[in-house]
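Asker: Compact mmCIF, C-alpha atoms and all ligand atoms, file query22.txt:
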```
# COMPACT_ATOMS: atom_id res chain seq x y z
CA MET A 5 0.13 -8.71 -18.13
CA LYS A 6 0.10 -7.27 -14.60
CA SER A 7 3.28 -9.13 -13.69
CA LEU A 8 5.07 -7.93 -16.86
CA LEU A 9 3.98 -4.35 -16.18
CA LEU A 10 5.17 -4.58 -12.61
CA ARG A 11 8.47 -6.08 -13.76
CA LEU A 12 9.01 -2.99 -15.96
CA LEU A 13 8.10 -0.66 -13.11
CA LEU A 14 10.41 -2.48 -10.69
CA ALA A 15 13.31 -2.18 -13.13
CA GLY A 16 13.89 1.54 -12.86
CA ASP A 17 12.65 5.01 -12.06
CA TYR A 18 10.30 6.31 -14.73
CA VAL A 19 8.94 4.12 -17.51
CA SER A 20 6.99 5.87 -20.24
CA GLY A 21 3.51 4.71 -21.19
CA GLU A 22 4.80 4.36 -24.75
CA VAL A 23 7.60 1.97 -23.77
CA ILE A 24 5.21 -0.07 -21.64
CA SER A 25 2.61 -0.34 -24.40
CA GLU A 26 5.31 -1.35 -26.90
CA GLN A 27 6.87 -3.94 -24.60
CA LEU A 28 3.56 -5.44 -23.60
CA ASN A 29 2.00 -5.03 -27.02
CA VAL A 30 -1.14 -3.35 -25.67
CA SER A 31 -2.73 0.08 -26.06
CA ARG A 32 -1.83 3.08 -23.87
CA THR A 33 -5.38 2.94 -22.48
CA ALA A 34 -4.87 -0.69 -21.46
CA VAL A 35 -1.64 0.35 -19.70
CA TRP A 36 -3.42 3.16 -17.88
CA LYS A 37 -6.16 0.74 -16.74
CA GLN A 38 -3.60 -1.69 -15.34
CA ILE A 39 -1.76 1.12 -13.56
CA LYS A 40 -5.08 2.14 -12.01
CA ALA A 41 -5.70 -1.46 -10.93
CA LEU A 42 -2.25 -1.62 -9.31
CA LYS A 43 -2.92 1.64 -7.46
CA GLU A 44 -6.18 0.18 -6.16
CA GLN A 45 -4.19 -2.75 -4.81
CA GLY A 46 -2.03 -0.42 -2.75
CA TYR A 47 0.90 0.35 -5.09
CA THR A 48 2.05 3.96 -4.96
CA ILE A 49 2.75 4.97 -8.56
CA GLN A 50 3.62 8.50 -9.59
CA SER A 51 2.41 9.56 -13.05
CA THR A 52 4.22 12.54 -14.61
CA THR A 53 3.54 14.06 -18.01
CA ASN A 54 6.34 13.38 -20.51
CA LYS A 55 8.09 11.03 -18.10
CA GLY A 56 5.60 8.25 -17.49
CA TYR A 57 5.11 6.08 -14.45
CA ASN A 58 7.32 5.68 -11.40
CA LEU A 59 6.72 2.99 -8.78
CA LEU A 60 7.42 4.57 -5.40
CA GLN A 61 6.19 1.87 -3.08
CA ALA A 62 4.78 -1.63 -3.28
CA PRO A 63 2.48 -3.06 -0.62
CA ASP A 64 3.47 -6.07 1.44
CA THR A 65 1.48 -8.83 -0.25
CA VAL A 66 1.73 -12.33 -1.60
CA TYR A 67 -0.06 -11.51 -4.89
CA ALA A 68 0.81 -13.87 -7.72
CA HIS A 69 1.70 -11.04 -10.13
CA ASP A 70 3.97 -9.43 -7.56
CA ILE A 71 6.00 -12.60 -6.98
CA GLU A 72 6.11 -13.42 -10.72
CA ALA A 73 7.37 -9.89 -11.41
CA ARG A 74 10.29 -10.25 -9.01
CA VAL A 75 11.74 -13.71 -9.69
CA GLN A 76 14.93 -14.03 -11.73
CA THR A 77 14.43 -17.70 -12.54
CA LYS A 78 13.63 -20.02 -15.42
CA THR A 79 10.74 -21.87 -13.80
CA PHE A 80 10.65 -21.51 -9.99
CA GLY A 81 7.92 -19.04 -9.05
CA ARG A 82 7.21 -18.09 -12.67
CA ASP A 83 3.71 -19.50 -12.21
CA VAL A 84 2.17 -18.63 -8.88
CA ILE A 85 -1.23 -19.62 -7.56
CA ALA A 86 -2.06 -17.27 -4.69
CA TYR A 87 -4.86 -17.55 -2.13
CA ASP A 88 -5.97 -15.16 0.57
CA SER A 89 -6.89 -17.95 2.98
CA VAL A 90 -6.70 -21.75 2.71
CA PRO A 91 -6.56 -24.54 5.28
CA SER A 92 -3.04 -25.41 4.05
CA THR A 93 -1.04 -24.77 0.88
CA GLN A 94 0.17 -28.41 0.90
CA PRO A 95 -3.06 -30.09 -0.32
CA MET A 96 -3.55 -27.27 -2.84
CA ALA A 97 -0.10 -28.01 -4.24
CA HIS A 98 -0.77 -31.77 -4.31
CA GLN A 99 -3.95 -31.07 -6.24
CA ALA A 100 -2.17 -28.78 -8.70
CA ALA A 101 0.62 -31.35 -9.19
CA THR A 102 -1.91 -34.15 -9.76
CA ASN A 103 -3.62 -31.94 -12.34
CA GLY A 104 -0.32 -31.59 -14.21
CA SER A 105 1.14 -28.29 -12.95
CA HIS A 106 4.75 -28.09 -14.01
CA GLU A 107 7.87 -28.05 -11.87
CA GLY A 108 8.43 -24.70 -10.20
CA THR A 109 4.74 -23.87 -9.80
CA LEU A 110 4.30 -22.14 -6.46
CA ILE A 111 1.23 -22.11 -4.25
CA VAL A 112 1.14 -19.28 -1.67
CA ALA A 113 -1.38 -18.07 0.88
CA ASN A 114 -1.81 -14.97 3.01
CA GLU A 115 -3.28 -17.17 5.73
CA GLN A 116 -3.47 -20.86 6.57
CA THR A 117 -6.15 -21.97 8.99
CA GLU A 118 -4.89 -25.56 9.34
CA GLY A 119 -1.18 -25.27 8.61
CA ARG A 120 0.60 -28.56 9.09
CA GLY A 121 3.99 -29.67 10.29
CA ARG A 122 5.55 -33.12 10.25
CA LEU A 123 3.87 -36.17 11.82
CA GLY A 124 0.49 -34.48 12.01
CA ARG A 125 1.76 -31.56 14.10
CA GLU A 126 0.34 -28.09 13.69
CA TRP A 127 2.05 -25.14 11.98
CA VAL A 128 0.67 -21.92 13.43
CA VAL A 129 0.12 -19.00 11.05
CA GLU A 130 -0.95 -15.46 11.84
CA LYS A 131 -2.72 -13.83 8.88
CA GLU A 132 -0.56 -11.44 6.81
CA GLN A 133 2.38 -11.93 9.19
CA THR A 134 4.00 -14.96 7.61
CA ILE A 135 4.93 -16.64 4.37
CA SER A 136 3.15 -19.94 3.66
CA MET A 137 4.14 -21.53 0.40
CA SER A 138 4.42 -24.91 -1.32
CA LEU A 139 6.60 -25.55 -4.36
CA ILE A 140 6.03 -28.35 -6.87
CA LEU A 141 9.15 -30.29 -7.88
CA ARG A 142 9.46 -33.16 -10.33
CA PRO A 143 13.01 -34.39 -9.79
CA THR A 144 14.34 -37.47 -11.55
CA ILE A 145 15.99 -38.91 -8.47
CA PRO A 146 15.51 -42.20 -6.62
CA LEU A 147 12.76 -42.16 -4.04
CA THR A 148 15.20 -42.65 -1.16
CA ARG A 149 16.91 -39.37 -1.95
CA ALA A 150 13.78 -37.20 -1.72
CA PRO A 151 14.39 -36.23 1.96
CA GLN A 152 17.59 -34.48 0.81
CA LEU A 153 15.38 -31.85 -0.81
CA THR A 154 14.51 -30.61 2.69
CA LEU A 155 18.19 -29.87 3.25
CA VAL A 156 18.53 -28.14 -0.13
CA ALA A 157 15.46 -26.04 0.69
CA ALA A 158 16.90 -25.11 4.09
CA VAL A 159 20.07 -23.74 2.50
CA ALA A 160 18.04 -21.82 -0.10
CA VAL A 161 15.72 -20.23 2.47
CA ALA A 162 18.61 -19.32 4.79
CA ARG A 163 20.50 -17.62 1.95
CA ALA A 164 17.37 -15.77 0.80
CA ILE A 165 16.54 -14.48 4.29
CA GLU A 166 20.12 -13.31 4.77
CA LYS A 167 19.85 -11.33 1.52
CA VAL A 168 16.82 -9.34 2.64
CA ALA A 169 17.48 -8.97 6.40
CA PRO A 170 20.52 -8.63 8.69
CA ILE A 171 20.02 -12.06 10.23
CA ASP A 172 22.23 -15.17 10.43
CA CYS A 173 20.21 -18.35 10.15
CA GLU A 174 21.31 -21.68 11.56
CA ILE A 175 19.99 -24.99 10.28
CA LYS A 176 18.80 -27.58 12.76
CA TRP A 177 18.78 -30.93 11.00
CA PRO A 178 16.67 -31.76 9.15
CA ASN A 179 14.05 -29.07 8.65
CA ASP A 180 14.26 -26.07 10.96
CA LEU A 181 15.90 -22.70 10.48
CA MET A 182 16.76 -21.23 13.84
CA VAL A 183 17.85 -17.81 15.03
CA ASN A 184 19.09 -17.32 18.60
CA GLY A 185 17.68 -20.69 19.61
CA LYS A 186 14.18 -20.09 18.26
CA LYS A 187 12.46 -21.38 15.16
CA LEU A 188 12.09 -18.93 12.28
CA VAL A 189 11.25 -21.34 9.45
CA GLY A 190 9.71 -24.80 9.16
CA ILE A 191 9.99 -27.00 6.09
CA LEU A 192 7.73 -29.92 5.22
CA THR A 193 8.67 -32.18 2.30
CA GLU A 194 5.97 -34.51 1.03
CA MET A 195 5.96 -36.72 -2.02
CA ALA A 196 3.75 -38.80 -4.24
CA ALA A 197 5.36 -42.02 -5.39
CA ASP A 198 4.92 -45.65 -6.34
CA PRO A 199 7.27 -48.06 -4.62
CA ASP A 200 9.76 -47.67 -7.45
CA GLN A 201 9.04 -44.22 -8.85
CA LEU A 202 8.82 -40.69 -7.57
CA HIS A 203 5.99 -38.75 -9.21
CA TYR A 204 6.47 -35.37 -7.62
CA VAL A 205 7.62 -33.66 -4.44
CA ILE A 206 5.98 -30.77 -2.60
CA VAL A 207 8.28 -28.62 -0.50
CA GLY A 208 6.23 -26.60 1.99
CA ILE A 209 7.94 -23.62 3.59
CA GLY A 210 6.63 -21.50 6.45
CA ILE A 211 8.52 -18.32 7.37
CA ASN A 212 7.63 -16.11 10.35
CA CYS A 213 8.02 -12.54 9.08
CA HIS A 214 6.29 -9.73 10.91
CA GLN A 215 5.20 -10.98 14.34
CA GLY A 216 6.48 -8.95 17.27
CA LYS A 217 8.02 -10.89 20.18
CA MET A 218 4.77 -10.68 22.18
CA GLU A 219 2.47 -11.34 19.23
CA PHE A 220 3.00 -15.06 18.80
CA HIS A 221 0.22 -17.50 19.43
CA ASN A 222 0.36 -18.94 22.97
CA GLN A 223 1.09 -22.35 21.50
CA VAL A 224 4.41 -21.28 19.99
CA LYS A 225 5.45 -18.13 21.87
CA ASP A 226 8.29 -19.93 23.66
CA VAL A 227 9.75 -21.61 20.57
CA ALA A 228 9.08 -19.23 17.66
CA THR A 229 10.76 -16.11 16.36
CA SER A 230 10.28 -13.90 13.30
CA ILE A 231 12.41 -11.73 11.05
CA TYR A 232 10.88 -8.62 12.65
CA ALA A 233 11.44 -9.92 16.18
CA GLU A 234 15.09 -10.58 15.38
CA CYS A 235 16.08 -7.43 13.50
CA GLY A 236 13.21 -4.94 13.73
CA GLN A 237 12.62 -4.89 9.98
CA LYS A 238 9.34 -5.59 8.22
CA ILE A 239 10.56 -7.05 4.96
CA ASN A 240 8.40 -7.22 1.83
CA ARG A 241 7.09 -10.79 1.67
CA SER A 242 6.96 -10.98 -2.16
CA THR A 243 10.59 -9.88 -2.31
CA LEU A 244 11.60 -12.63 0.10
CA ILE A 245 9.52 -15.27 -1.69
CA ALA A 246 11.18 -14.28 -4.99
CA GLU A 247 14.64 -14.52 -3.36
CA VAL A 248 13.80 -18.00 -2.06
CA MET A 249 12.84 -18.99 -5.62
CA ASN A 250 16.07 -17.49 -7.03
CA GLU A 251 18.25 -19.33 -4.52
CA PHE A 252 16.30 -22.57 -4.57
CA GLU A 253 16.36 -22.89 -8.37
CA TRP A 254 20.14 -22.82 -8.77
CA LEU A 255 20.78 -24.96 -5.68
CA TYR A 256 18.20 -27.49 -6.88
CA GLN A 257 19.75 -27.63 -10.37
CA SER A 258 23.14 -28.16 -8.85
CA TYR A 259 21.73 -30.89 -6.58
CA VAL A 260 19.91 -32.67 -9.43
CA ASN A 261 23.00 -32.54 -11.68
CA ASP A 262 25.76 -33.24 -9.15
CA GLY A 263 24.08 -34.82 -6.13
CA PHE A 264 23.79 -33.74 -2.52
CA GLN A 265 27.54 -33.44 -2.12
CA ALA A 266 27.40 -30.22 -4.14
CA ILE A 267 25.23 -28.65 -1.43
CA LYS A 268 26.68 -30.38 1.62
CA THR A 269 29.34 -27.79 2.45
CA LEU A 270 26.87 -24.94 2.19
CA TRP A 271 24.58 -26.86 4.53
CA GLU A 272 27.36 -27.69 6.99
CA ALA A 273 28.47 -24.05 7.18
CA ARG A 274 25.14 -23.25 8.86
CA ALA A 275 24.69 -26.45 10.83
CA LEU A 276 23.53 -25.97 14.39
CA SER A 277 22.94 -29.59 15.33
CA LEU A 278 26.46 -30.88 14.63
CA GLN A 279 29.51 -31.41 16.87
CA GLN A 280 27.38 -31.48 19.97
CA ARG A 281 25.28 -33.79 22.11
CA VAL A 282 21.72 -34.27 20.89
CA ILE A 283 18.70 -36.41 21.60
CA ALA A 284 17.19 -37.78 18.40
CA ARG A 285 13.63 -39.08 18.49
CA THR A 286 13.24 -41.33 15.47
CA PRO A 287 10.51 -43.71 14.31
CA LYS A 288 12.85 -46.52 15.46
CA GLY A 289 13.45 -45.18 18.96
CA THR A 290 15.15 -42.38 20.88
CA PHE A 291 18.94 -42.11 20.76
CA SER A 292 21.10 -39.82 22.80
CA GLY A 293 24.67 -39.13 21.81
CA PHE A 294 27.10 -36.99 19.87
CA ALA A 295 26.02 -35.72 16.44
CA TYR A 296 29.26 -35.58 14.51
CA GLY A 297 28.22 -34.90 10.96
CA ILE A 298 25.95 -35.70 8.06
CA THR A 299 26.68 -38.27 5.35
CA ASP A 300 26.96 -37.47 1.65
CA GLU A 301 23.34 -38.59 1.52
CA GLY A 302 22.25 -36.08 4.18
CA GLN A 303 21.64 -38.55 7.03
CA LEU A 304 22.67 -37.51 10.53
CA ARG A 305 25.60 -39.45 12.05
CA LEU A 306 25.08 -40.01 15.75
CA ARG A 307 27.41 -41.87 18.15
CA GLU A 308 25.92 -43.10 21.42
CA ASP A 309 28.05 -43.16 24.60
CA ASN A 310 28.44 -46.94 24.24
CA GLY A 311 30.12 -46.31 20.89
CA GLN A 312 27.24 -47.53 18.76
CA GLU A 313 26.77 -45.44 15.63
CA HIS A 314 23.51 -44.63 13.89
CA LEU A 315 22.70 -43.10 10.53
CA ILE A 316 19.44 -41.27 11.02
CA TYR A 317 17.10 -40.51 8.13
CA SER A 318 14.39 -38.65 9.98
CA ALA A 319 14.02 -37.45 13.56
CA ASP A 320 13.15 -34.69 15.97
CA ILE A 321 16.32 -33.29 17.42
CA GLU A 322 16.63 -31.90 20.91
CA LEU A 323 19.84 -29.98 21.56
C1 LIG B 401 7.60 -28.08 10.49
O1 LIG B 401 7.13 -29.19 11.11
O2 LIG B 401 8.37 -27.29 10.95
C2 LIG B 401 7.07 -27.89 9.06
C3 LIG B 401 6.32 -26.62 8.90
C4 LIG B 401 5.91 -26.42 7.46
C5 LIG B 401 4.99 -25.26 7.29
C6 LIG B 401 4.68 -24.99 5.84
S1 LIG B 401 3.80 -23.52 5.62
C7 LIG B 401 3.46 -23.92 3.98
C8 LIG B 401 3.13 -25.39 3.98
N1 LIG B 401 1.73 -25.59 4.28
C9 LIG B 401 1.55 -26.26 5.43
O3 LIG B 401 0.46 -26.57 5.93
N2 LIG B 401 2.77 -26.55 5.96
C10 LIG B 401 3.85 -26.06 5.14
P1 LIG B 401 7.68 -29.77 12.48
O4 LIG B 401 9.14 -29.98 12.41
O5 LIG B 401 6.80 -30.94 12.76
O6 LIG B 401 7.42 -28.62 13.52
C11 LIG B 401 6.16 -28.37 14.05
C12 LIG B 401 6.38 -27.71 15.41
O7 LIG B 401 6.90 -26.40 15.22
C13 LIG B 401 5.10 -27.54 16.21
O8 LIG B 401 4.82 -28.67 16.97
C14 LIG B 401 5.42 -26.30 17.07
O9 LIG B 401 6.17 -26.69 18.22
C15 LIG B 401 6.37 -25.51 16.19
N3 LIG B 401 5.65 -24.44 15.48
C16 LIG B 401 4.38 -24.42 15.00
N4 LIG B 401 4.13 -23.27 14.37
C17 LIG B 401 5.25 -22.53 14.45
C18 LIG B 401 5.63 -21.25 13.98
N5 LIG B 401 4.80 -20.47 13.27
N6 LIG B 401 6.89 -20.84 14.23
C19 LIG B 401 7.77 -21.59 14.92
N7 LIG B 401 7.47 -22.81 15.40
C20 LIG B 401 6.22 -23.28 15.15
```
How does this structure look as structure tokens?

Answerer:
Amino acid sequence: MKSLLLRLLLAGDYVSGEVISEQLNVSRTAVWKQIKALKEQGYTIQSTTNKGYNLLQAPDTVYAHDIEARVQTKTFGRDVIAYDSVPSTQPMAHQAATNGSHEGTLIVANEQTEGRGRLGREWVVEKEQTISMSLILRPTIPLTRAPQLTLVAAVAVARAIEKVAPIDCEIKWPNDLMVNGKKLVGILTEMAADPDQLHYVIVGIGINCHQGKMEFHNQVKDVATSIYAECGQKINRSTLIAEVMNEFEWLYQSYVNDGFQAIKTLWEARALSLQQRVIARTPKGTFSGFAYGITDEGQLRLREDNGQEHLIYSADIEL
């Protein structure tokens, strides 16, 4: 009910108690109680006789009802499970998926104490300063194509950030969003599968939002940046999460229906790691050469100086 009420309040200026109680099919007293609860959570709501309620300001939170109220999607982010603090949203999402949570269910947290990156690396999170979220997907695609979802997610997150802040994001293959040479977003795609069947995919997304340039953890201060550090704006995190859901849902549908090719040009338009020399550290060895594109399947094409070509599925890229 809270998310429906907030959706009505977000839609316009004043909404009368009568309209709210009709739309939500509850009593005026129940409406008043929910308004009071929202105010206690930090929402500034003006109540005026004969006019009703007017939402003046919403706090910067990752409350489930706040995200659910803002999404314009069919399934992505319609069901949100929000935590104040968890070790990592990834295992929580795996658990929810194993228990049958449907596609589009989103796990978010205000803080992660053991955020994780790829290959057992750490993802550093400062409480209330970042977005930490994991989305459950159940695509009917072959197992080998699952890594492409990282690239789809990267395009979705870049587009969403650019909608809420005056920032141009570049994508460093396969999973980093960069601004001015520093990392703004990390993406971690994990899956549960049998050798021949994909059960579900969890796309974990970490976005640095509010940290000032000098406020980053020592560990990442030389490599990380945030939306605030880049443009001086403290965006509302629920608004950005909802935009990521809006963008991701249509891009994902297009990908599932028409394949990666449908997304490839959008990805390439933001590519940072192409048409230049790179060092790629892969599970099969380190290759240095010219990165000249990605395939229709999303693998990186790299040509070594001796002319040998490699199609790389997964790597750390040094520019
Ligand atoms: C990633 O790994 O970039 C994937 C990060 C995914 C984080 C999300 S948050 C929600 C979900 N829950 C989780 O526990 N994880 C996901 P990788 O490419 O391996 O990069 C890790 C490297 O990025 C580290 O070794 C650091 O150098 C750097 N790093 C760590 N924290 C950072 C931060 N906050 N901002 C920028 N760089 C960071």

Asker: From the set A:Glu247, A:Ser242, A:Leu278, A:Val128, which residue has the shortest atom-to-atom contact distance to Val227 of chain A, counting all atoms listed in the file?

Answerer: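 Answer, going by the shortest atom-to-atom distance: A:Val128.
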
Asker: Distance atom CA of Glu22 of chain A-atom CA of Gly46 of chain A, one decimal place?

Answerer: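 These atoms are spaced 23.5 Å apart.
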
Asker: Please identify all protein, DNA and RNA residues within 7 Å of ligand LIG 401 (chain B), counting all atoms listed in the file, and report them as a PyMOL selection string.

Answerer: chain A and resi 92-94+116+118-123+125-129+136-138+179-180+187-192+208-210+212+224+227-229

Asker: If you count all atoms listed in the file, which residues fall within 10 Å of Gln76 of chain A, apart from same-chain ones fewer than 5 positions away, as JSON, numbers by chain?

Answerer: {"A": [81, 82, 246, 247, 249, 250, 251, 253]}

Asker: Do a neighbour search on Asp70 of chain A at 8 Å with all atoms listed in the file, toss out local chain neighbours closer than 3 positions, and write the hits as a short mmCIF file (atom, residue, chain, number, x, y, z; two decimals) with C-alpha atoms, in the coordinates of the input.

Answerer:
```cif
data_model
loop_
_atom_site.label_atom_id
_atom_site.label_comp_id
_atom_site.auth_asym_id
_atom_site.auth_seq_id
_atom_site.Cartn_x
_atom_site.Cartn_y
_atom_site.Cartn_z
CA SER A 7 3.28 -9.13 -13.69
CA LEU A 10 5.17 -4.58 -12.61
CA THR A 65 1.48 -8.83 -0.25
CA VAL A 66 1.73 -12.33 -1.60
CA TYR A 67 -0.06 -11.51 -4.89
CA ALA A 73 7.37 -9.89 -11.41
CA ARG A 74 10.29 -10.25 -9.01
CA SER A 242 6.96 -10.98 -2.16
#
```

Asker: Point out the residue among A:Phe80, A:Tyr18, A:Tyr204, A:Trp177 with the least atom-to-atom distance to Leu59 of chain A, counting only C-alpha atoms.

Answerer: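 The answer is A:Tyr18, which sits nearest to Leu59 of chain A.
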
Asker: Counting all atoms listed in the file, find residues at most 9 Å from (-4.7, -16.2, 6.7) (file frame) and give them as a ChimeraX atom specification.

Answerer: /A:87-91,113-117,129-134

Asker: Hey, can you check how far atom CA of Met195 of chain A sits from atom CA of Val282 of chain A?

Answerer: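 Pair atom CA of Met195 of chain A / atom CA of Val282 of chain A returns 27.9 Å.
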
Asker: I need the residue nearest Thr33 of chain A from this list: A:Gln279, A:Thr193, A:Gly21, A:Ala101. Use all atoms listed in the file for the distance.

Answerer: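 So, comparing all the options, the nearest one is A:Gly21.
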
Asker: Counting all atoms listed in the file, which residue out of A:Gln99, A:Thr243, A:Thr53, A:Gln38 sits closest to Leu14 of chain A?

Answerer: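 Answer, going by the shortest atom-to-atom distance: A:Thr243.
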
Asker: Between atom CA of Met96 of chain A and atom CA of Cys173 of chain A, measure the distance and give it in Å to one decimal.

Answerer: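 Separation between atom CA of Met96 of chain A and atom CA of Cys173 of chain A: 28.5 Å.
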
Asker: Can you list, as a ChimeraX atom specification, every protein, DNA or RNA residue that comes within 12 Å of Ile231 of chain A when you count only C-alpha atoms, leaving out same-chain residues fewer than 5 positions away?

Answerer: /A:133-135,162,165-166,168-173,181-184,186-189,211-217,236-241,244

Asker: For segment 258-261 of chain A, list every protein, DNA or RNA residue within 10 Å, evaluated using all atoms listed in the file, and leave out those in the same chain fewer than 3 positions away; present the list as a list in words.

Answerer: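 Contacts, with the query itself left out: Pro143, Thr144, Ile145, Gln152, Leu153, Val156, Phe252, Glu253, Trp254, Leu255, Phe264, Gln265, Ala266, Ile267 and Lys268 of chain A.
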
Asker: Which residue out of A:Ser230, A:Thr109, A:Cys235, A:Leu304 has the minimum interatomic distance to Thr77 of chain A when all atoms listed in the file are used?

Answerer: A:Thr109

Asker: Any idea what's packed within 9 Å of Asn54 of chain A, counting only C-alpha atoms, ignoring anything in its chain fewer than 2 positions away? Could you give it as a PyMOL selection string?

Answerer: chain A and resi 20+52+56

Asker: Starting from the incomplete input, reconstruct N, CA and C atoms of segment 130-144 of chain A and write that as an mmCIF file, in the frame of the given file.

Answerer:
```
data_model
loop_
_atom_site.group_PDB
_atom_site.id
_atom_site.type_symbol
_atom_site.label_atom_id
_atom_site.label_comp_id
_atom_site.auth_asym_id
_atom_site.auth_seq_id
_atom_site.Cartn_x
_atom_site.Cartn_y
_atom_site.Cartn_z
ATOM 1 N N GLU A 130 -0.158 -16.661 11.578
ATOM 2 C CA GLU A 130 -0.950 -15.460 11.840
ATOM 3 C C GLU A 130 -1.156 -14.747 10.494
ATOM 4 N N LYS A 131 -2.396 -14.408 10.188
ATOM 5 C CA LYS A 131 -2.720 -13.830 8.880
ATOM 6 C C LYS A 131 -1.852 -12.609 8.563
ATOM 7 N N GLU A 132 -1.340 -12.569 7.346
ATOM 8 C CA GLU A 132 -0.560 -11.440 6.810
ATOM 9 C C GLU A 132 0.801 -11.257 7.487
ATOM 10 N N GLN A 133 1.117 -12.106 8.459
ATOM 11 C CA GLN A 133 2.380 -11.930 9.190
ATOM 12 C C GLN A 133 3.459 -12.879 8.702
ATOM 13 N N THR A 134 3.053 -13.872 7.926
ATOM 14 C CA THR A 134 4.000 -14.960 7.610
ATOM 15 C C THR A 134 3.999 -15.257 6.114
ATOM 16 N N ILE A 135 4.932 -16.093 5.725
ATOM 17 C CA ILE A 135 4.930 -16.640 4.370
ATOM 18 C C ILE A 135 4.556 -18.123 4.488
ATOM 19 N N SER A 136 3.539 -18.517 3.733
ATOM 20 C CA SER A 136 3.150 -19.940 3.660
ATOM 21 C C SER A 136 3.172 -20.310 2.198
ATOM 22 N N MET A 137 4.079 -21.205 1.828
ATOM 23 C CA MET A 137 4.140 -21.530 0.400
ATOM 24 C C MET A 137 4.544 -22.980 0.175
ATOM 25 N N SER A 138 4.111 -23.529 -0.962
ATOM 26 C CA SER A 138 4.420 -24.910 -1.320
ATOM 27 C C SER A 138 4.851 -24.944 -2.775
ATOM 28 N N LEU A 139 6.017 -25.538 -3.007
ATOM 29 C CA LEU A 139 6.600 -25.550 -4.360
ATOM 30 C C LEU A 139 6.523 -26.964 -4.935
ATOM 31 N N ILE A 140 6.116 -27.046 -6.194
ATOM 32 C CA ILE A 140 6.030 -28.350 -6.870
ATOM 33 C C ILE A 140 7.358 -28.663 -7.557
ATOM 34 N N LEU A 141 7.916 -29.839 -7.233
ATOM 35 C CA LEU A 141 9.150 -30.290 -7.880
ATOM 36 C C LEU A 141 8.896 -31.640 -8.543
ATOM 37 N N ARG A 142 9.576 -31.866 -9.656
ATOM 38 C CA ARG A 142 9.460 -33.160 -10.330
ATOM 39 C C ARG A 142 10.862 -33.694 -10.618
ATOM 40 N N PRO A 143 11.626 -33.984 -9.570
ATOM 41 C CA PRO A 143 13.010 -34.390 -9.790
ATOM 42 C C PRO A 143 13.109 -35.839 -10.266
ATOM 43 N N THR A 144 14.108 -36.091 -11.116
ATOM 44 C CA THR A 144 14.340 -37.470 -11.550
ATOM 45 C C THR A 144 15.432 -38.058 -10.665
#
```
